[in-house]
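Enquirer: Have a look at this one before I ask anything.
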Amino acid sequence: MRQVISGLDFAPVLPPWLLAALTLLALLALAPALWRRARGAGWRVLSFAVLGLALANPRLVEETRETRPDIALLLQDRSESARIGERGAALDAARAALEQAAARHPDLELRTVDLPEGGRQGTRLFTALDRALADIPRARLAGVIALTDGQAHDIPASPSFTAPLHLILPGRPGEVDRRIRVLEAPGYGIVGRSVELRLVVEDLGAAPAAGPSGGAVRLTLRRDGAAPRVESVPLGREHRITLPVERGGPSVVELTAEARPGEVSTLNNRAVVTVNGVRDRLRVLLVSGEPHSGERTWRRLLKADPNVDLVHFTILRPPEKDDLTPLNELALIAFPVRELFQVKLRDFDLIVFDRFSNRGILPPMYLRNIADYVRGGGALLMSVGPEFTGATSLAATPLGQVLPARPLTGAAGLAEGAFRPRVTEAGARHPVTQGLTGANTAGEEARWGRWYRHLRADPQSGLTVMDSPDGAPLLQLDRVGEGRVALLLSDQIWLWSRGHDGGGPQAELLRRAAHWLMKEPELEEEDLVARVEGGTLTVTRRSVEAGPPPEITVTAPDGTVTRRLASPAEGGRSVLEMPAGQAGVWQAADGRRSAFAAASAANPPEIADLRADAAPALPLARGTGGGAHWLGEGMPELRRVAAGRDATGGTWIGLRRNEDHRVTGIAALPLLPPWLALPLVLGLALVAWRREGR
């Protein structure tokens, strides 16, 4: 609190307009005397002037003021790039030093604000600054100090304040960095073909001295944890990498450029790309044998899928049916046995036999070719009926070596009567039958329609995922060598498609079975999948084996190993979730399988350039009268400066003195009080009268 004389004030006795009119009358009255230069005219002017001044009532005003402290804003960048190496500790030490220096100035209030990580939008330094300035009166703002690495991604064209802005950066000028910038990375590729990545390796900062390799750096490529591949990449120029897509599902590719001597960090020397392998149009061969009511079920199902190229043959005229009709008069075409089962056999992704019996159409050599096709990675699906139990059964041919069940012979092999198919305990965990609409659950029967015929068979291998109430297998799935086989021991599934007795999930079941046979990754029954979303690693393990989930071993991009138990979930699944803050490739293993997940940078603009650099925001700081200082060259001294003076120097930063105040009281002292003005006016008038009377 202090008292000061703020100035001279007037409090007129009369309204201003009346005072102006009286002044004009006085001038008119004085004009003739002044014109004639009459004696005493000067005293008359003086008396009128004192009278007018008395009516204006001049006062000397004295104010009582309360001085308010200035406010300085200290903003500390806590983004990822500002915490690299020793930067975080250096900025914390600078913050403590500034807080101590500000405490020595009683007329200064220092407010601090932390700038957290900005998600995927980069460092929003000035957005946070404007938000903090919203409740600070501009008349009290002494200045802004930003503890930052200079990498701000919201720099405005002009500042929203006039106080000096000072940038304090860790380290020293002239830092260097190397980064990988992916120009183009396809999200998916066709299995059996190749995709192309486009990237560039760049050096930021001072150009390095030419080494033995000239302007080239080594780039290491690692795919799904396999052995690394090293290439020489030209520095600063676009480079293309060809990657073959060998399997369906996601493949994680990690690219690492060799470190540059003296660079700030190798955090952006890595890039992770995920390429999802998808199959081209699937080629399916459907061979229908004996005509039956459900023959069109398979054709409709496969034709409804736009990704399937279907080749369908129906055996309408077996070889033993010979009525001496000339071949040139037959409307039927001959079954191209050699072309399908020898020349182009491996062009098909799936072979389907629908109630096909061996009546000499396929010689043993071609049936052996089909068995070898399955062992080599092919897919076979058989839907059988009564013909499977007779002498013409395919189980009695070389193809029977890859079938997962043997039919019982004679009358014991055929069961007729109404029943509802059931999903087995293993089938409830298998992706082909898990979660089917209307399936039986614990203690409840299935709610789908009934079938009326099935075959009894002796399972030899594989897994029974559906059975009949008497325990006979209905759907048997098996892996044979590199290939897969599915055996449906009933020809009654077409009843579901007709809606009989409420129908059932015929299309979904057959679609899943067909895609499982063709090795779609989403339908693997023994699988381990890892993915990173929103900074969380989710590992999903699926198995048809009963029992508690095993321990999952997780390896972070920096090599840190964590072991945790997964939580059981329905459908044979178990799930593990844990934070995944590091960018790079995460690996999860359950002892038998491994899975890889790509974690991109949480804030890509933040790590695009890891150098501490004042250049982006320096023009803005200089426009406010501030500047930039490097902690590697010493902590700048904090000073208070008057308005209009320089606010920065080589070793110091200045905060402006605003001298903002609040008036708490006013005292007025009249300079011509009535008791003084009246005798003074009368005296001057008397002197003027006596002077004029001589």
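Each chain of the structure tokens is named A, B, ... in the order shown, its residues numbered from 1; ligands are numbered from 1 in display order.
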List the neighbours of region 160-173 of chain A out to 7 Å using only C-alpha atoms; skip same-chain residues closer than 3 positions along the sequence, and give me the result as an NGL selection string.

Expert: :A and (87 or 90-91 or 141-150 or 612 or 621 or 624-633 or 647)

Enquirer: Using DSSP assignments from the backbone, pull out every residue in region 154-384 of chain A that falls under strand (DSSP E) and give it to me as a ChimeraX atom specification.

Expert: /A:165-169,177-184,188-190,194-204,216-223,229-234,238-244,249-257,270-278,282-288,308-314,350-354,379-383

Enquirer: Output as a VMD selection string all residues of region 495-685 of chain A that backbone DSSP marks as alpha helix (DSSP H).

Expert: chain A and resid 495 to 497 506 to 517 604 to 607 618 to 623 674 to 685

Enquirer: Considering only C-alpha atoms, return as a ChimeraX atom specification whatever protein or nucleic-acid residues lie within 10 Å of Asn440 (chain A), sequence-local ones (same chain, fewer than 6 positions apart) excluded.

Expert: /A:420-424,428,446-448

Enquirer: Can you write out the residues you just picked, keeping C-alpha atoms, as a PDB file, in the first residue's frame?

Expert:
```
ATOM      1  CA  ARG A 420     -30.519 -83.431 -33.513  1.00  0.00           C
ATOM      2  CA  PRO A 421     -26.787 -83.049 -34.232  1.00  0.00           C
ATOM      3  CA  ARG A 422     -24.699 -82.019 -31.259  1.00  0.00           C
ATOM      4  CA  VAL A 423     -21.520 -80.005 -30.875  1.00  0.00           C
ATOM      5  CA  THR A 424     -18.970 -81.988 -28.887  1.00  0.00           C
ATOM      6  CA  ALA A 428     -17.293 -76.005 -28.501  1.00  0.00           C
ATOM      7  CA  ALA A 446     -29.650 -78.106 -29.499  1.00  0.00           C
ATOM      8  CA  ARG A 447     -32.419 -75.867 -30.823  1.00  0.00           C
ATOM      9  CA  TRP A 448     -31.835 -76.467 -34.531  1.00  0.00           C
TER      10      TRP A 448
END
```

Enquirer: Can you pull out the residues contacting region 216-233 of chain A? Cut-off 8 Å, using only C-alpha atoms, and skip same-chain residues under 3 positions away; I want them as a short mmCIF file (atom, residue, chain, number, x, y, z; two decimals) with all heavy atoms, in the first residue's frame.

Expert:
```cif
data_model
loop_
_atom_site.label_atom_id
_atom_site.label_comp_id
_atom_site.auth_asym_id
_atom_site.auth_seq_id
_atom_site.Cartn_x
_atom_site.Cartn_y
_atom_site.Cartn_z
N VAL A 201 15.84 -43.28 -45.79
CA VAL A 201 16.62 -43.08 -44.57
C VAL A 201 17.26 -41.70 -44.67
O VAL A 201 18.00 -41.42 -45.63
CB VAL A 201 17.68 -44.18 -44.39
CG1 VAL A 201 18.48 -43.93 -43.12
CG2 VAL A 201 17.03 -45.55 -44.34
N SER A 213 31.50 -46.43 -46.88
CA SER A 213 30.37 -46.80 -47.73
C SER A 213 29.77 -45.61 -48.46
O SER A 213 28.74 -45.73 -49.12
CB SER A 213 29.29 -47.48 -46.89
OG SER A 213 28.84 -46.61 -45.87
N HIS A 239 14.16 -45.74 -51.42
CA HIS A 239 14.61 -47.12 -51.60
C HIS A 239 13.38 -48.03 -51.61
O HIS A 239 12.44 -47.82 -50.83
CB HIS A 239 15.56 -47.52 -50.48
CG HIS A 239 16.11 -48.91 -50.62
ND1 HIS A 239 17.02 -49.26 -51.58
CD2 HIS A 239 15.85 -50.06 -49.92
CE1 HIS A 239 17.31 -50.55 -51.47
NE2 HIS A 239 16.62 -51.05 -50.46
N SER A 251 1.65 -60.31 -41.19
CA SER A 251 3.10 -60.49 -41.03
C SER A 251 3.68 -59.17 -40.58
O SER A 251 3.38 -58.12 -41.17
CB SER A 251 3.76 -60.95 -42.33
OG SER A 251 3.35 -62.26 -42.68
N VAL A 252 4.51 -59.21 -39.55
CA VAL A 252 5.09 -58.00 -38.98
C VAL A 252 6.53 -57.87 -39.47
O VAL A 252 7.34 -58.78 -39.30
CB VAL A 252 5.05 -58.04 -37.45
CG1 VAL A 252 5.69 -56.79 -36.87
CG2 VAL A 252 3.61 -58.16 -36.97
N VAL A 253 6.82 -56.75 -40.11
CA VAL A 253 8.14 -56.49 -40.66
C VAL A 253 8.76 -55.32 -39.90
O VAL A 253 8.15 -54.23 -39.82
CB VAL A 253 8.07 -56.17 -42.17
CG1 VAL A 253 9.46 -55.91 -42.73
CG2 VAL A 253 7.38 -57.30 -42.92
N GLU A 254 9.94 -55.54 -39.35
CA GLU A 254 10.65 -54.49 -38.60
C GLU A 254 11.86 -54.05 -39.40
O GLU A 254 12.67 -54.87 -39.85
CB GLU A 254 11.08 -55.00 -37.23
CG GLU A 254 11.77 -53.94 -36.39
CD GLU A 254 12.16 -54.44 -35.02
OE1 GLU A 254 12.31 -55.67 -34.87
OE2 GLU A 254 12.32 -53.63 -34.10
N LEU A 255 11.98 -52.74 -39.60
CA LEU A 255 13.09 -52.16 -40.35
C LEU A 255 13.94 -51.34 -39.38
O LEU A 255 13.41 -50.51 -38.64
CB LEU A 255 12.57 -51.26 -41.47
CG LEU A 255 11.57 -51.91 -42.44
CD1 LEU A 255 10.85 -50.85 -43.24
CD2 LEU A 255 12.28 -52.89 -43.35
N THR A 256 15.26 -51.57 -39.39
CA THR A 256 16.16 -50.87 -38.48
C THR A 256 17.35 -50.35 -39.26
O THR A 256 18.05 -51.12 -39.93
CB THR A 256 16.65 -51.80 -37.35
OG1 THR A 256 15.52 -52.39 -36.70
CG2 THR A 256 17.47 -51.03 -36.34
N ALA A 257 17.58 -49.05 -39.18
CA ALA A 257 18.75 -48.44 -39.82
C ALA A 257 19.87 -48.34 -38.80
O ALA A 257 19.63 -48.09 -37.61
CB ALA A 257 18.40 -47.05 -40.36
N GLU A 258 21.10 -48.55 -39.25
CA GLU A 258 22.24 -48.47 -38.33
C GLU A 258 22.33 -47.08 -37.72
O GLU A 258 21.94 -46.08 -38.33
CB GLU A 258 23.53 -48.82 -39.06
CG GLU A 258 23.92 -47.84 -40.16
CD GLU A 258 25.26 -48.20 -40.77
OE1 GLU A 258 26.14 -48.66 -40.03
OE2 GLU A 258 25.41 -48.03 -41.99
N ALA A 595 3.77 -65.28 -31.54
CA ALA A 595 2.99 -64.29 -32.28
C ALA A 595 3.69 -62.95 -32.17
O ALA A 595 4.36 -62.66 -31.17
CB ALA A 595 1.56 -64.21 -31.75
N PHE A 596 3.52 -62.13 -33.18
CA PHE A 596 4.18 -60.84 -33.23
C PHE A 596 3.14 -59.75 -33.47
O PHE A 596 2.16 -59.97 -34.18
CB PHE A 596 5.24 -60.81 -34.34
CG PHE A 596 6.33 -61.83 -34.16
CD1 PHE A 596 6.19 -63.11 -34.66
CD2 PHE A 596 7.48 -61.52 -33.47
CE1 PHE A 596 7.17 -64.07 -34.50
CE2 PHE A 596 8.48 -62.46 -33.29
CZ PHE A 596 8.33 -63.74 -33.80
#
```

Enquirer: What is the CA of Ala614 (chain A)-CA of Gln151 (chain A) distance in Å, reported with one decimal?

Expert: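 Rounded to one decimal, the two atoms are 7.9 Å apart.
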
Enquirer: Just give me the gap between CA of Ala615 (chain A) and CA of Ala128 (chain A) in Å, one decimal is fine.

Expert: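 Separation between CA of Ala615 (chain A) and CA of Ala128 (chain A): 19.7 Å.
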
Enquirer: Calculate how many Å separate CA of Pro616 (chain A) from CA of Ala82 (chain A), rounding to one decimal.

Expert: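 Atom-to-atom, CA of Pro616 (chain A) to CA of Ala82 (chain A), that is 15.3 Å.
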
Enquirer: Residues near Ala157 (chain A), anyone? I mean within 10 Å using only C-alpha atoms, not counting same-chain ones fewer than 2 positions away, as a short mmCIF file (atom, residue, chain, number, x, y, z; two decimals) with N, CA and C atoms, in the first residue's frame.

Expert:
```
data_model
loop_
_atom_site.label_atom_id
_atom_site.label_comp_id
_atom_site.auth_asym_id
_atom_site.auth_seq_id
_atom_site.Cartn_x
_atom_site.Cartn_y
_atom_site.Cartn_z
N ASP A 154 2.22 -26.79 -33.23
CA ASP A 154 1.06 -25.90 -33.34
C ASP A 154 1.50 -24.44 -33.25
N ILE A 155 2.63 -24.11 -33.87
CA ILE A 155 3.18 -22.75 -33.78
C ILE A 155 2.30 -21.80 -34.58
N PRO A 159 1.86 -14.35 -31.92
CA PRO A 159 1.52 -14.73 -30.54
C PRO A 159 0.23 -14.06 -30.09
N SER A 160 -0.40 -14.66 -29.09
CA SER A 160 -1.63 -14.10 -28.53
C SER A 160 -1.36 -13.22 -27.32
N PRO A 619 11.50 -17.49 -34.27
CA PRO A 619 10.97 -16.21 -34.80
C PRO A 619 9.82 -15.67 -33.95
N LEU A 620 8.98 -16.53 -33.46
CA LEU A 620 7.87 -16.09 -32.62
C LEU A 620 8.39 -15.52 -31.30
#
```

Enquirer: Using only C-alpha atoms, find the one residue out of A:Ser383, A:Gln434, A:Ser600, A:Thr562 that sits nearest to Gln492 (chain A).

Expert: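 Smallest separation from Gln492 (chain A) among the options: A:Ser383.
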
Enquirer: So that I can check the surroundings of Glu295 (chain A), please list as a VMD selection string every protein, DNA and RNA residue that reaches within 10 Å of it, counting only C-alpha atoms and ignoring chain neighbours fewer than 6 positions away.

Expert: chain A and resid 288 to 289 314 354 to 355 491 494

Enquirer: Can you work out which one of A:Leu638, A:Ala56, A:Val532, A:Leu282 has the shortest atom-to-atom distance to Asp9 (chain A), counting only C-alpha atoms?

Expert: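 Selected residue with least distance to Asp9 (chain A): A:Ala56.
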
Enquirer: A:Arg531, A:Ala486, A:Trp496, A:Arg429: which is nearest Pro250 (chain A), counting only C-alpha atoms?

Expert: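 Ranking A:Arg531, A:Ala486, A:Trp496, A:Arg429 by distance to Pro250 (chain A), first place goes to A:Arg531.
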
Enquirer: Show which residues sit within 8 Å of Ser357 (chain A), as a list in words. Count only C-alpha atoms, and ignore same-chain residues fewer than 5 positions away.

Expert: Gly289, Glu290, Glu387, Phe388, Thr392, Ser393 and Leu394 of chain A

Enquirer: Could you check the closest approach to Glu202 (chain A) for each of A:Thr560, A:Asn268, A:Ser158, A:Thr123 and tell me which residue wins, using only C-alpha atoms?

Expert: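 Smallest separation from Glu202 (chain A) among the options: A:Asn268.
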
Enquirer: Could you check which of A:Leu408, A:Leu528, A:Ala439, A:Ala132 is closest to Gly503 (chain A), using only C-alpha atoms?

Expert: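 Counting only C-alpha atoms, the residue closest to Gly503 (chain A) is A:Ala439.
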
Enquirer: Which region 492-583 of chain A residues have any atom within 12 Å of an atom of region 456-471 of chain A, and for each, what is the nearest pair of atoms with distance in Å to one decimal, counting only C-alpha atoms, rows sorted by chain and number, as a tab-separated table?

Expert:
```
residue	atom	partner	partner_atom	distance
A:Leu509	CA	A:Met466	CA	10.8
A:Ala513	CA	A:Val465	CA	10.8
A:Glu525	CA	A:Leu463	CA	10.7
A:Val544	CA	A:Leu463	CA	9.2
A:Glu545	CA	A:Leu463	CA	10.7
```
